[in-house]
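Q: The following file, query_21.cif, comprises mmCIF, C-alpha atoms, pLDDT in the B column; chains and numbers go by the auth columns:
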```cif
data_protein
loop_
_atom_site.group_PDB
_atom_site.id
_atom_site.type_symbol
_atom_site.label_atom_id
_atom_site.label_comp_id
_atom_site.label_asym_id
_atom_site.label_seq_id
_atom_site.Cartn_x
_atom_site.Cartn_y
_atom_site.Cartn_z
_atom_site.B_iso_or_equiv
_atom_site.auth_seq_id
_atom_site.auth_asym_id
ATOM 1 C CA MET A 1 12.265 -3.725 23.130 69.00 1 A
ATOM 2 C CA GLU A 2 14.951 -1.148 22.468 86.00 2 A
ATOM 3 C CA PHE A 3 15.438 0.044 18.917 93.00 3 A
ATOM 4 C CA PRO A 4 18.662 1.392 17.388 93.00 4 A
ATOM 5 C CA PRO A 5 18.986 5.165 17.025 92.00 5 A
ATOM 6 C CA TYR A 6 19.239 4.698 13.255 95.00 6 A
ATOM 7 C CA LEU A 7 15.789 3.059 12.982 96.00 7 A
ATOM 8 C CA ALA A 8 14.530 6.126 11.096 94.00 8 A
ATOM 9 C CA THR A 9 17.050 5.469 8.291 93.00 9 A
ATOM 10 C CA MET A 10 16.739 1.684 8.022 95.00 10 A
ATOM 11 C CA PRO A 11 15.164 0.134 4.908 93.00 11 A
ATOM 12 C CA MET A 12 11.693 -1.073 5.779 92.00 12 A
ATOM 13 C CA HIS A 13 12.280 -4.703 4.900 89.00 13 A
ATOM 14 C CA ALA A 14 15.349 -4.643 7.153 93.00 14 A
ATOM 15 C CA ILE A 15 13.164 -3.355 9.973 96.00 15 A
ATOM 16 C CA THR A 16 10.647 -6.090 9.159 94.00 16 A
ATOM 17 C CA GLU A 17 13.253 -8.854 9.269 92.00 17 A
ATOM 18 C CA ILE A 18 15.075 -7.645 12.384 94.00 18 A
ATOM 19 C CA HIS A 19 12.416 -5.945 14.506 96.00 19 A
ATOM 20 C CA GLY A 20 9.117 -7.137 13.061 95.00 20 A
ATOM 21 C CA GLU A 21 5.782 -5.433 13.600 96.00 21 A
ATOM 22 C CA ARG A 22 6.951 -3.579 16.700 96.00 22 A
ATOM 23 C CA GLY A 23 9.833 -2.044 14.790 97.00 23 A
ATOM 24 C CA LEU A 24 7.538 -0.882 11.992 97.00 24 A
ATOM 25 C CA LEU A 25 5.113 0.583 14.523 97.00 25 A
ATOM 26 C CA GLU A 26 7.948 2.530 16.111 97.00 26 A
ATOM 27 C CA ARG A 27 9.153 3.720 12.705 98.00 27 A
ATOM 28 C CA PHE A 28 5.634 4.909 11.899 98.00 28 A
ATOM 29 C CA ARG A 29 5.539 6.845 15.175 97.00 29 A
ATOM 30 C CA LEU A 30 8.867 8.454 14.299 96.00 30 A
ATOM 31 C CA GLU A 31 7.556 9.433 10.871 97.00 31 A
ATOM 32 C CA ILE A 32 4.485 11.228 12.270 97.00 32 A
ATOM 33 C CA GLN A 33 6.245 13.016 15.132 96.00 33 A
ATOM 34 C CA THR A 34 6.343 16.283 13.202 94.00 34 A
ATOM 35 C CA PHE A 35 2.590 16.288 12.545 97.00 35 A
ATOM 36 C CA ASP A 36 0.444 18.431 14.823 97.00 36 A
ATOM 37 C CA PRO A 37 -1.428 16.706 17.699 98.00 37 A
ATOM 38 C CA PRO A 38 -4.844 16.486 15.955 97.00 38 A
ATOM 39 C CA ALA A 39 -3.185 14.898 12.906 98.00 39 A
ATOM 40 C CA ARG A 40 -1.278 12.394 15.054 98.00 40 A
ATOM 41 C CA GLU A 41 -4.483 11.515 16.887 98.00 41 A
ATOM 42 C CA ARG A 42 -6.293 10.901 13.605 98.00 42 A
ATOM 43 C CA LEU A 43 -3.446 8.809 12.219 98.00 43 A
ATOM 44 C CA THR A 44 -3.297 6.762 15.417 98.00 44 A
ATOM 45 C CA GLU A 45 -7.044 6.160 15.242 98.00 45 A
ATOM 46 C CA ALA A 46 -6.679 4.883 11.671 98.00 46 A
ATOM 47 C CA LEU A 47 -3.744 2.675 12.682 98.00 47 A
ATOM 48 C CA ASP A 48 -5.727 1.220 15.585 98.00 48 A
ATOM 49 C CA LEU A 49 -8.662 0.451 13.272 98.00 49 A
ATOM 50 C CA ALA A 50 -6.381 -1.174 10.686 98.00 50 A
ATOM 51 C CA ALA A 51 -4.714 -3.266 13.396 98.00 51 A
ATOM 52 C CA ASP A 52 -8.089 -4.427 14.686 97.00 52 A
ATOM 53 C CA LEU A 53 -9.593 -5.228 11.283 97.00 53 A
ATOM 54 C CA HIS A 54 -6.530 -7.167 10.113 97.00 54 A
ATOM 55 C CA ARG A 55 -5.676 -8.691 13.492 96.00 55 A
ATOM 56 C CA HIS A 56 -5.989 -12.289 12.216 95.00 56 A
ATOM 57 C CA ASP A 57 -4.661 -11.667 8.699 96.00 57 A
ATOM 58 C CA ARG A 58 -1.290 -12.931 7.544 92.00 58 A
ATOM 59 C CA ARG A 59 0.829 -11.947 4.563 86.00 59 A
ATOM 60 C CA VAL A 60 3.123 -14.883 3.766 80.00 60 A
ATOM 61 C CA ARG A 61 5.183 -15.117 6.996 83.00 61 A
ATOM 62 C CA GLU A 62 4.193 -11.863 8.692 92.00 62 A
ATOM 63 C CA PRO A 63 1.223 -10.020 10.192 96.00 63 A
ATOM 64 C CA TYR A 64 -0.737 -8.187 7.506 96.00 64 A
ATOM 65 C CA LEU A 65 -0.380 -4.946 9.438 97.00 65 A
ATOM 66 C CA ASN A 66 3.296 -4.885 8.441 97.00 66 A
ATOM 67 C CA HIS A 67 2.275 -4.335 4.822 96.00 67 A
ATOM 68 C CA LEU A 68 -0.053 -1.453 5.714 98.00 68 A
ATOM 69 C CA LEU A 69 2.646 0.164 7.835 98.00 69 A
ATOM 70 C CA ARG A 70 5.243 -0.080 5.061 97.00 70 A
ATOM 71 C CA VAL A 71 2.810 1.427 2.527 98.00 71 A
ATOM 72 C CA SER A 72 2.180 4.386 4.839 98.00 72 A
ATOM 73 C CA ILE A 73 5.793 4.861 5.955 98.00 73 A
ATOM 74 C CA ARG A 74 6.926 4.817 2.323 98.00 74 A
ATOM 75 C CA MET A 75 4.499 7.621 1.540 98.00 75 A
ATOM 76 C CA THR A 76 5.603 9.808 4.452 98.00 76 A
ATOM 77 C CA HIS A 77 9.342 9.155 4.162 97.00 77 A
ATOM 78 C CA HIS A 78 10.121 8.486 0.500 97.00 78 A
ATOM 79 C CA TYR A 79 7.195 10.292 -1.147 98.00 79 A
ATOM 80 C CA GLN A 80 7.201 13.213 1.347 98.00 80 A
ATOM 81 C CA VAL A 81 3.424 13.066 1.759 98.00 81 A
ATOM 82 C CA ARG A 82 2.078 15.345 4.501 97.00 82 A
ATOM 83 C CA ASP A 83 -1.592 15.018 3.597 98.00 83 A
ATOM 84 C CA VAL A 84 -3.200 13.243 6.552 98.00 84 A
ATOM 85 C CA ASP A 85 -6.182 11.988 4.526 98.00 85 A
ATOM 86 C CA VAL A 86 -3.813 10.200 2.153 98.00 86 A
ATOM 87 C CA ILE A 87 -1.863 8.516 4.946 98.00 87 A
ATOM 88 C CA VAL A 88 -5.076 7.502 6.715 98.00 88 A
ATOM 89 C CA ALA A 89 -6.317 6.010 3.440 98.00 89 A
ATOM 90 C CA GLY A 90 -2.979 4.221 3.049 98.00 90 A
ATOM 91 C CA LEU A 91 -3.382 2.557 6.436 98.00 91 A
ATOM 92 C CA LEU A 92 -6.942 1.541 5.560 98.00 92 A
ATOM 93 C CA HIS A 93 -6.506 0.825 1.855 97.00 93 A
ATOM 94 C CA ASP A 94 -7.383 -2.877 2.175 97.00 94 A
ATOM 95 C CA SER A 95 -10.032 -2.508 4.879 97.00 95 A
ATOM 96 C CA VAL A 96 -13.099 -2.335 2.629 96.00 96 A
ATOM 97 C CA GLU A 97 -11.864 -5.039 0.282 94.00 97 A
ATOM 98 C CA ASP A 98 -10.950 -7.472 3.059 95.00 98 A
ATOM 99 C CA HIS A 99 -13.330 -6.634 5.915 95.00 99 A
ATOM 100 C CA PRO A 100 -16.451 -4.837 4.670 94.00 100 A
ATOM 101 C CA GLY A 101 -18.724 -6.648 7.111 91.00 101 A
ATOM 102 C CA GLU A 102 -16.698 -5.618 10.150 93.00 102 A
ATOM 103 C CA LEU A 103 -16.741 -2.005 9.023 93.00 103 A
ATOM 104 C CA ALA A 104 -20.394 -1.830 8.036 87.00 104 A
ATOM 105 C CA GLY A 105 -21.992 -4.440 10.236 76.00 105 A
ATOM 106 C CA PRO A 106 -24.019 -7.465 9.086 71.00 106 A
ATOM 107 C CA GLY A 107 -27.061 -7.373 6.892 66.00 107 A
ATOM 108 C CA ASP A 108 -26.174 -4.756 4.283 67.00 108 A
ATOM 109 C CA ALA A 109 -27.223 -5.557 0.735 73.00 109 A
ATOM 110 C CA ASP A 110 -24.100 -3.814 -0.602 88.00 110 A
ATOM 111 C CA PRO A 111 -21.361 -4.366 2.002 90.00 111 A
ATOM 112 C CA THR A 112 -18.743 -2.448 -0.002 92.00 112 A
ATOM 113 C CA ALA A 113 -20.871 0.687 -0.240 93.00 113 A
ATOM 114 C CA ALA A 114 -21.854 0.365 3.419 94.00 114 A
ATOM 115 C CA ALA A 115 -18.224 -0.056 4.480 95.00 115 A
ATOM 116 C CA LEU A 116 -17.187 3.022 2.495 96.00 116 A
ATOM 117 C CA ALA A 117 -20.032 4.965 4.114 95.00 117 A
ATOM 118 C CA ALA A 118 -18.789 3.856 7.539 95.00 118 A
ATOM 119 C CA LEU A 119 -15.281 5.083 6.671 97.00 119 A
ATOM 120 C CA ALA A 120 -16.714 8.389 5.443 97.00 120 A
ATOM 121 C CA ALA A 121 -18.611 8.856 8.695 96.00 121 A
ATOM 122 C CA ARG A 122 -15.496 8.203 10.760 96.00 122 A
ATOM 123 C CA PHE A 123 -12.684 9.745 8.700 98.00 123 A
ATOM 124 C CA GLY A 124 -14.415 11.939 6.123 98.00 124 A
ATOM 125 C CA PRO A 125 -15.655 11.484 2.547 98.00 125 A
ATOM 126 C CA ARG A 126 -12.255 12.105 0.974 98.00 126 A
ATOM 127 C CA VAL A 127 -10.660 9.194 2.835 98.00 127 A
ATOM 128 C CA ALA A 128 -13.553 6.972 1.783 98.00 128 A
ATOM 129 C CA ARG A 129 -13.208 8.106 -1.839 97.00 129 A
ATOM 130 C CA LEU A 130 -9.481 7.321 -1.862 98.00 130 A
ATOM 131 C CA VAL A 131 -9.998 3.901 -0.289 98.00 131 A
ATOM 132 C CA GLY A 132 -12.781 3.238 -2.784 96.00 132 A
ATOM 133 C CA ALA A 133 -10.456 4.079 -5.671 96.00 133 A
ATOM 134 C CA VAL A 134 -7.978 1.364 -4.622 96.00 134 A
ATOM 135 C CA THR A 135 -10.611 -1.242 -3.678 95.00 135 A
ATOM 136 C CA ASN A 136 -11.017 -4.045 -6.203 89.00 136 A
ATOM 137 C CA PRO A 137 -14.532 -4.527 -7.609 85.00 137 A
ATOM 138 C CA GLU A 138 -16.330 -7.831 -8.039 84.00 138 A
ATOM 139 C CA TYR A 139 -14.743 -9.555 -11.018 85.00 139 A
ATOM 140 C CA ASP A 140 -16.479 -11.237 -13.920 84.00 140 A
ATOM 141 C CA PRO A 141 -15.755 -14.968 -13.396 88.00 141 A
ATOM 142 C CA ASP A 142 -15.726 -15.505 -17.164 86.00 142 A
ATOM 143 C CA ARG A 143 -12.775 -13.137 -17.709 91.00 143 A
ATOM 144 C CA ASP A 144 -9.148 -13.291 -16.604 87.00 144 A
ATOM 145 C CA ARG A 145 -8.871 -11.804 -13.099 86.00 145 A
ATOM 146 C CA HIS A 146 -5.440 -10.284 -13.714 84.00 146 A
ATOM 147 C CA VAL A 147 -6.633 -8.497 -16.842 88.00 147 A
ATOM 148 C CA GLN A 148 -9.642 -7.133 -14.961 88.00 148 A
ATOM 149 C CA TYR A 149 -7.381 -6.045 -12.096 89.00 149 A
ATOM 150 C CA ARG A 150 -5.131 -4.073 -14.454 88.00 150 A
ATOM 151 C CA GLU A 151 -8.126 -2.492 -16.172 91.00 151 A
ATOM 152 C CA HIS A 152 -9.536 -1.432 -12.814 90.00 152 A
ATOM 153 C CA VAL A 153 -6.216 0.056 -11.663 92.00 153 A
ATOM 154 C CA ALA A 154 -5.799 2.085 -14.852 91.00 154 A
ATOM 155 C CA ALA A 155 -9.380 3.386 -14.912 92.00 155 A
ATOM 156 C CA SER A 156 -9.747 4.101 -11.199 93.00 156 A
ATOM 157 C CA LEU A 157 -6.396 5.848 -10.799 96.00 157 A
ATOM 158 C CA ASP A 158 -6.953 7.914 -13.920 95.00 158 A
ATOM 159 C CA ARG A 159 -9.653 9.765 -11.967 92.00 159 A
ATOM 160 C CA GLU A 160 -7.902 10.041 -8.568 96.00 160 A
ATOM 161 C CA PRO A 161 -4.368 11.502 -8.573 97.00 161 A
ATOM 162 C CA TRP A 162 -3.821 10.999 -4.828 98.00 162 A
ATOM 163 C CA ALA A 163 -5.010 7.405 -5.076 98.00 163 A
ATOM 164 C CA ARG A 164 -2.104 6.862 -7.514 98.00 164 A
ATOM 165 C CA VAL A 165 0.276 7.705 -4.675 98.00 165 A
ATOM 166 C CA ILE A 166 -1.312 5.113 -2.376 98.00 166 A
ATOM 167 C CA LYS A 167 -1.452 2.449 -5.060 97.00 167 A
ATOM 168 C CA VAL A 168 2.130 2.882 -6.250 98.00 168 A
ATOM 169 C CA SER A 169 3.326 2.483 -2.651 98.00 169 A
ATOM 170 C CA ASP A 170 1.185 -0.643 -2.385 97.00 170 A
ATOM 171 C CA PHE A 171 2.572 -1.874 -5.714 95.00 171 A
ATOM 172 C CA THR A 172 6.139 -1.232 -4.557 96.00 172 A
ATOM 173 C CA ASP A 173 5.607 -3.280 -1.419 95.00 173 A
ATOM 174 C CA ASN A 174 3.943 -6.112 -3.326 92.00 174 A
ATOM 175 C CA GLY A 175 5.979 -5.978 -6.533 90.00 175 A
ATOM 176 C CA LEU A 176 9.485 -5.357 -5.257 89.00 176 A
ATOM 177 C CA GLY A 177 8.616 -7.443 -2.214 87.00 177 A
ATOM 178 C CA VAL A 178 7.972 -10.492 -4.390 87.00 178 A
ATOM 179 C CA VAL A 179 11.563 -11.559 -3.702 82.00 179 A
ATOM 180 C CA TYR A 180 10.615 -11.997 -0.038 82.00 180 A
ATOM 181 C CA THR A 181 7.963 -14.547 -1.028 81.00 181 A
ATOM 182 C CA ILE A 182 8.524 -18.263 -1.456 79.00 182 A
ATOM 183 C CA GLY A 183 7.006 -21.070 -3.507 82.00 183 A
ATOM 184 C CA PRO A 184 4.681 -20.833 -6.523 83.00 184 A
ATOM 185 C CA LYS A 185 3.388 -17.430 -5.389 85.00 185 A
ATOM 186 C CA VAL A 186 6.637 -15.826 -6.585 91.00 186 A
ATOM 187 C CA ALA A 187 5.941 -16.453 -10.276 90.00 187 A
ATOM 188 C CA ARG A 188 2.192 -15.848 -9.903 89.00 188 A
ATOM 189 C CA SER A 189 2.774 -12.470 -8.282 90.00 189 A
ATOM 190 C CA ALA A 190 5.416 -11.454 -10.808 92.00 190 A
ATOM 191 C CA ALA A 191 3.060 -12.330 -13.678 91.00 191 A
ATOM 192 C CA LYS A 192 0.242 -10.357 -12.035 91.00 192 A
ATOM 193 C CA TYR A 193 2.254 -7.216 -11.311 93.00 193 A
ATOM 194 C CA ARG A 194 4.668 -6.989 -14.253 94.00 194 A
ATOM 195 C CA PRO A 195 2.148 -5.553 -16.760 94.00 195 A
ATOM 196 C CA LEU A 196 1.407 -2.750 -14.284 95.00 196 A
ATOM 197 C CA VAL A 197 4.908 -1.277 -14.543 96.00 197 A
ATOM 198 C CA PRO A 198 4.156 0.780 -17.701 95.00 198 A
ATOM 199 C CA VAL A 199 0.753 1.724 -16.285 95.00 199 A
ATOM 200 C CA PHE A 200 2.383 3.240 -13.211 97.00 200 A
ATOM 201 C CA ARG A 201 5.084 4.937 -15.285 97.00 201 A
ATOM 202 C CA ASP A 202 2.358 6.744 -17.195 96.00 202 A
ATOM 203 C CA LEU A 203 0.275 7.620 -14.125 97.00 203 A
ATOM 204 C CA ILE A 204 3.191 8.904 -12.050 98.00 204 A
ATOM 205 C CA SER A 205 4.610 10.949 -14.937 98.00 205 A
ATOM 206 C CA ARG A 206 1.394 12.929 -15.331 98.00 206 A
ATOM 207 C CA ALA A 207 1.463 16.598 -14.370 97.00 207 A
ATOM 208 C CA ASP A 208 -1.506 16.216 -12.030 97.00 208 A
ATOM 209 C CA THR A 209 0.157 13.504 -9.935 98.00 209 A
ATOM 210 C CA PRO A 210 0.861 15.472 -6.720 98.00 210 A
ATOM 211 C CA LEU A 211 4.501 14.499 -6.161 98.00 211 A
ATOM 212 C CA SER A 212 7.721 16.446 -6.594 98.00 212 A
ATOM 213 C CA ALA A 213 10.112 15.751 -9.463 98.00 213 A
ATOM 214 C CA PRO A 214 12.714 14.075 -7.177 98.00 214 A
ATOM 215 C CA VAL A 215 10.038 11.805 -5.694 98.00 215 A
ATOM 216 C CA LYS A 216 8.845 10.851 -9.172 98.00 216 A
ATOM 217 C CA ARG A 217 12.431 9.989 -10.132 98.00 217 A
ATOM 218 C CA HIS A 218 12.680 7.816 -7.018 98.00 218 A
ATOM 219 C CA ILE A 219 9.483 5.984 -7.996 98.00 219 A
ATOM 220 C CA PHE A 220 10.702 5.486 -11.575 98.00 220 A
ATOM 221 C CA ALA A 221 13.890 3.925 -10.183 97.00 221 A
ATOM 222 C CA GLN A 222 11.783 1.595 -8.050 96.00 222 A
ATOM 223 C CA LEU A 223 9.740 0.639 -11.109 97.00 223 A
ATOM 224 C CA ASP A 224 12.991 -0.127 -12.958 97.00 224 A
ATOM 225 C CA LEU A 225 14.034 -2.386 -10.084 95.00 225 A
ATOM 226 C CA ALA A 226 10.647 -4.088 -10.076 94.00 226 A
ATOM 227 C CA GLU A 227 10.982 -4.802 -13.800 95.00 227 A
ATOM 228 C CA GLU A 228 14.461 -6.269 -13.213 95.00 228 A
ATOM 229 C CA ARG A 229 13.079 -8.567 -10.538 93.00 229 A
ATOM 230 C CA PHE A 230 10.107 -9.639 -12.641 94.00 230 A
ATOM 231 C CA SER A 231 12.451 -10.386 -15.547 94.00 231 A
ATOM 232 C CA ALA A 232 14.733 -12.469 -13.333 92.00 232 A
ATOM 233 C CA ILE A 233 11.730 -14.490 -12.184 93.00 233 A
ATOM 234 C CA LEU A 234 9.822 -14.854 -15.461 92.00 234 A
ATOM 235 C CA ASP A 235 12.368 -14.640 -18.261 91.00 235 A
ATOM 236 C CA GLN A 236 14.888 -17.259 -17.197 75.00 236 A
ATOM 237 C CA PRO A 237 15.379 -20.101 -19.736 63.00 237 A
ATOM 238 C CA ASN A 238 13.935 -23.455 -18.766 54.00 238 A
#
```
Take the structure in this file and express it as structure tokens.

A:
Amino acid sequence: MEFPPYLATMPMHAITEIHGERGLLERFRLEIQTFDPPARERLTEALDLAADLHRHDRRVREPYLNHLLRVSIRMTHHYQVRDVDVIVAGLLHDSVEDHPGELAGPGDADPTAAALAALAARFGPRVARLVGAVTNPEYDPDRDRHVQYREHVAASLDREPWARVIKVSDFTDNGLGVVYTIGPKVARSAAKYRPLVPVFRDLISRADTPLSAPVKRHIFAQLDLAEERFSAILDQPN
């Protein structure tokens, strides 16, 4: 497949709609061209692992890998992240939550801890710590799952500034991307993600969040757009 010379400037959802997974893979390769060879090798290894772990997973109408690619591309392109550990963790941010057994192997009493240990052995303890910070815990079945999710996000990201960067890219793909979803999931997702907008405004505005002022302004604009979309979905009169 030939890609247009302007692929590096196309919005990611346009790439998704027109070129699919192969287009996003090519865009990711373009984004990491300026990294040194050891960094590119490490990023490619993480991408290959993510592709294998999520090979049967779907996200609405697309392969799940598309989501992981967009999260990582957004960090390199829009957030100007050059920290390889952070991008590796972005590619693998759902691996422990969704596929702990494949990472750790069968028979572990605590598959989440074992999966994080496997990531640490392969990519280093910092990558494992960042993935752990964005991995949902087991929820109390007697409490509202969405409330517990928001509590976990606020508490976990309070301690890990770089994990905020991964999670806000994930939130952008899921929250702003709600308009690419169909059926009852649209309202369910909007209701889940809307209360996180002020949480992310606070986290991103903090001095220890390792992003430049222009990048923070870009993220705030994306949060404004997310709020507009949630309002259009949830606040319309019956």

Q: Identify all residues satisfying the PyMOL selection byres ((chain A and resi 198) around 12) in the given file; provide them as a ChimeraX atom specification.

A: /A:150,154,168,193-197,199-205,220,223-224,226-227

Q: Of the residues A:Ala39, A:Arg82, A:Leu49, A:Glu21, which is the one nearest to Asn66 in chain A, using all atoms listed in the file?

A: A:Glu21

Q: Quick one: of A:Glu17, A:Leu116, A:Arg55, A:Arg27, who's nearest to Phe3 in chain A, counting all atoms listed in the file?

A: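 Closest to Phe3 in chain A of all the choices is A:Arg27.
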
Q: Report as a VMD selection string all protein, DNA and RNA residues lying within 12 Å of Tyr6 in chain A, evaluated on all atoms listed in the file, omitting residues in the same chain fewer than 2 positions from it.

A: chain A and resid 2 to 4 8 to 11 14 to 15 23 26 to 27 30

Q: Store the residues picked out above, limited to C-alpha atoms, as a short mmCIF file (atom, residue, chain, number, x, y, z; two decimals), in the coordinates of the input.

A:
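Written file, again_21.cif:
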```cif
data_model
loop_
_atom_site.label_atom_id
_atom_site.label_comp_id
_atom_site.auth_asym_id
_atom_site.auth_seq_id
_atom_site.Cartn_x
_atom_site.Cartn_y
_atom_site.Cartn_z
CA GLU A 2 14.95 -1.15 22.47
CA PHE A 3 15.44 0.04 18.92
CA PRO A 4 18.66 1.39 17.39
CA ALA A 8 14.53 6.13 11.10
CA THR A 9 17.05 5.47 8.29
CA MET A 10 16.74 1.68 8.02
CA PRO A 11 15.16 0.13 4.91
CA ALA A 14 15.35 -4.64 7.15
CA ILE A 15 13.16 -3.36 9.97
CA GLY A 23 9.83 -2.04 14.79
CA GLU A 26 7.95 2.53 16.11
CA ARG A 27 9.15 3.72 12.70
CA LEU A 30 8.87 8.45 14.30
#
```

Q: Determine the residue membership of the PyMOL selection byres ((chain A and resi 152) around 10) for the file above and supply it as a short mmCIF file (atom, residue, chain, number, x, y, z; two decimals) with C-alpha atoms, in the frame of the given file.

A:
```cif
data_model
loop_
_atom_site.label_atom_id
_atom_site.label_comp_id
_atom_site.auth_asym_id
_atom_site.auth_seq_id
_atom_site.Cartn_x
_atom_site.Cartn_y
_atom_site.Cartn_z
CA ALA A 133 -10.46 4.08 -5.67
CA VAL A 134 -7.98 1.36 -4.62
CA THR A 135 -10.61 -1.24 -3.68
CA ASN A 136 -11.02 -4.04 -6.20
CA PRO A 137 -14.53 -4.53 -7.61
CA TYR A 139 -14.74 -9.56 -11.02
CA HIS A 146 -5.44 -10.28 -13.71
CA VAL A 147 -6.63 -8.50 -16.84
CA GLN A 148 -9.64 -7.13 -14.96
CA TYR A 149 -7.38 -6.04 -12.10
CA ARG A 150 -5.13 -4.07 -14.45
CA GLU A 151 -8.13 -2.49 -16.17
CA VAL A 153 -6.22 0.06 -11.66
CA ALA A 154 -5.80 2.08 -14.85
CA ALA A 155 -9.38 3.39 -14.91
CA SER A 156 -9.75 4.10 -11.20
CA LEU A 157 -6.40 5.85 -10.80
CA ASP A 158 -6.95 7.91 -13.92
#
```

Q: So which residues get picked by the PyMOL selection byres ((chain A and resi 131) around 12) here, written as an MDAnalysis selection string?

A: chainID A and resid 85:98 100 112:113 115:120 123:130 132:136 156:157 160 162:167

Q: In Å, with one decimal, what is the gap from CA of Ala190 in chain A to CA of Leu53 in chain A?

A: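 For CA of Ala190 in chain A relative to CA of Leu53 in chain A, the distance reads 27.4 Å.
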
Q: Quote the spacing between CA of Ala104 in chain A and CA of His54 in chain A in Å to one decimal place.

A: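 The value is 15.0 Å.
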
Q: Find the distance between CA of His56 in chain A and CA of Arg74 in chain A and write it in Å to one decimal.

A: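 Result for CA of His56 in chain A versus CA of Arg74 in chain A: 23.6 Å, one decimal.
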
Q: May I ask which of the residues A:Arg143, A:Ile182, A:Gly105, A:Val84 is the closest one to Pro38 in chain A, counting all atoms listed in the file?

A: A:Val84

Q: From the list A:Arg159, A:Gly20, A:Asp173, A:Glu138, which residue is nearest Leu68 in chain A when using all atoms listed in the file?

A: A:Asp173

Q: Write out as a PyMOL selection string the residues lying within 12 Å of Leu225 in chain A, counting only C-alpha atoms and excluding same-chain residues fewer than 3 positions away.

A: chain A and resi 172+175-179+194+197+218-222+228-232

Q: Pick out the closest residue to Asp48 in chain A from this set: A:Leu69, A:Leu211, A:Val60, A:Ile32. Count only C-alpha atoms.

A: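 Result for the nearest residue to Asp48 in chain A: A:Leu69.
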
Q: Of the candidates A:Leu65, A:Ala46, A:Phe171, A:His99, which one gets nearest to Pro111 in chain A if we count only C-alpha atoms?

A: A:His99

Q: Box along x, y and z, 5 Å on every side, all listed atoms of range 82-93 of chain A inside: centre and edge lengths in Å to one decimal, as JSON.

A:
```
{"center_x": -2.4, "center_y": 8.1, "center_z": 4.3, "size_x": 19.0, "size_y": 24.5, "size_z": 14.9}
```

Q: Could you add N, CA and C atoms to range 170-185 of chain A and give me the result as an mmCIF file, in the frame of the given file?

A:
```cif
data_model
loop_
_atom_site.group_PDB
_atom_site.id
_atom_site.type_symbol
_atom_site.label_atom_id
_atom_site.label_comp_id
_atom_site.auth_asym_id
_atom_site.auth_seq_id
_atom_site.Cartn_x
_atom_site.Cartn_y
_atom_site.Cartn_z
ATOM 1 N N ASP A 170 1.662 0.731 -2.532
ATOM 2 C CA ASP A 170 1.185 -0.643 -2.385
ATOM 3 C C ASP A 170 1.857 -1.554 -3.405
ATOM 4 N N PHE A 171 1.922 -1.096 -4.657
ATOM 5 C CA PHE A 171 2.572 -1.874 -5.714
ATOM 6 C C PHE A 171 4.051 -2.112 -5.392
ATOM 7 N N THR A 172 4.723 -1.083 -4.896
ATOM 8 C CA THR A 172 6.139 -1.232 -4.557
ATOM 9 C C THR A 172 6.326 -2.299 -3.495
ATOM 10 N N ASP A 173 5.472 -2.277 -2.474
ATOM 11 C CA ASP A 173 5.607 -3.280 -1.419
ATOM 12 C C ASP A 173 5.316 -4.677 -1.945
ATOM 13 N N ASN A 174 4.302 -4.799 -2.787
ATOM 14 C CA ASN A 174 3.943 -6.112 -3.326
ATOM 15 C C ASN A 174 4.868 -6.557 -4.452
ATOM 16 N N GLY A 175 5.187 -5.620 -5.361
ATOM 17 C CA GLY A 175 5.979 -5.978 -6.533
ATOM 18 C C GLY A 175 7.448 -6.191 -6.221
ATOM 19 N N LEU A 176 8.093 -5.180 -5.640
ATOM 20 C CA LEU A 176 9.485 -5.357 -5.257
ATOM 21 C C LEU A 176 9.617 -6.400 -4.160
ATOM 22 N N GLY A 177 8.588 -6.487 -3.318
ATOM 23 C CA GLY A 177 8.616 -7.443 -2.214
ATOM 24 C C GLY A 177 8.410 -8.880 -2.635
ATOM 25 N N VAL A 178 8.188 -9.117 -3.933
ATOM 26 C CA VAL A 178 7.972 -10.492 -4.390
ATOM 27 C C VAL A 178 9.188 -11.365 -4.080
ATOM 28 N N VAL A 179 10.364 -10.768 -3.982
ATOM 29 C CA VAL A 179 11.563 -11.559 -3.702
ATOM 30 C C VAL A 179 11.609 -12.034 -2.252
ATOM 31 N N TYR A 180 10.700 -11.522 -1.422
ATOM 32 C CA TYR A 180 10.615 -11.997 -0.038
ATOM 33 C C TYR A 180 9.572 -13.103 0.114
ATOM 34 N N THR A 181 8.971 -13.490 -1.016
ATOM 35 C CA THR A 181 7.963 -14.547 -1.028
ATOM 36 C C THR A 181 8.626 -15.854 -1.433
ATOM 37 N N ILE A 182 7.971 -16.953 -1.115
ATOM 38 C CA ILE A 182 8.524 -18.263 -1.456
ATOM 39 C C ILE A 182 7.462 -19.088 -2.168
ATOM 40 N N GLY A 183 7.913 -20.133 -2.882
ATOM 41 C CA GLY A 183 7.006 -21.070 -3.507
ATOM 42 C C GLY A 183 6.394 -20.552 -4.799
ATOM 43 N N PRO A 184 5.309 -21.186 -5.236
ATOM 44 C CA PRO A 184 4.681 -20.833 -6.523
ATOM 45 C C PRO A 184 4.168 -19.392 -6.572
ATOM 46 N N LYS A 185 3.922 -18.795 -5.389
ATOM 47 C CA LYS A 185 3.388 -17.430 -5.389
ATOM 48 C C LYS A 185 4.361 -16.437 -6.009
#
```
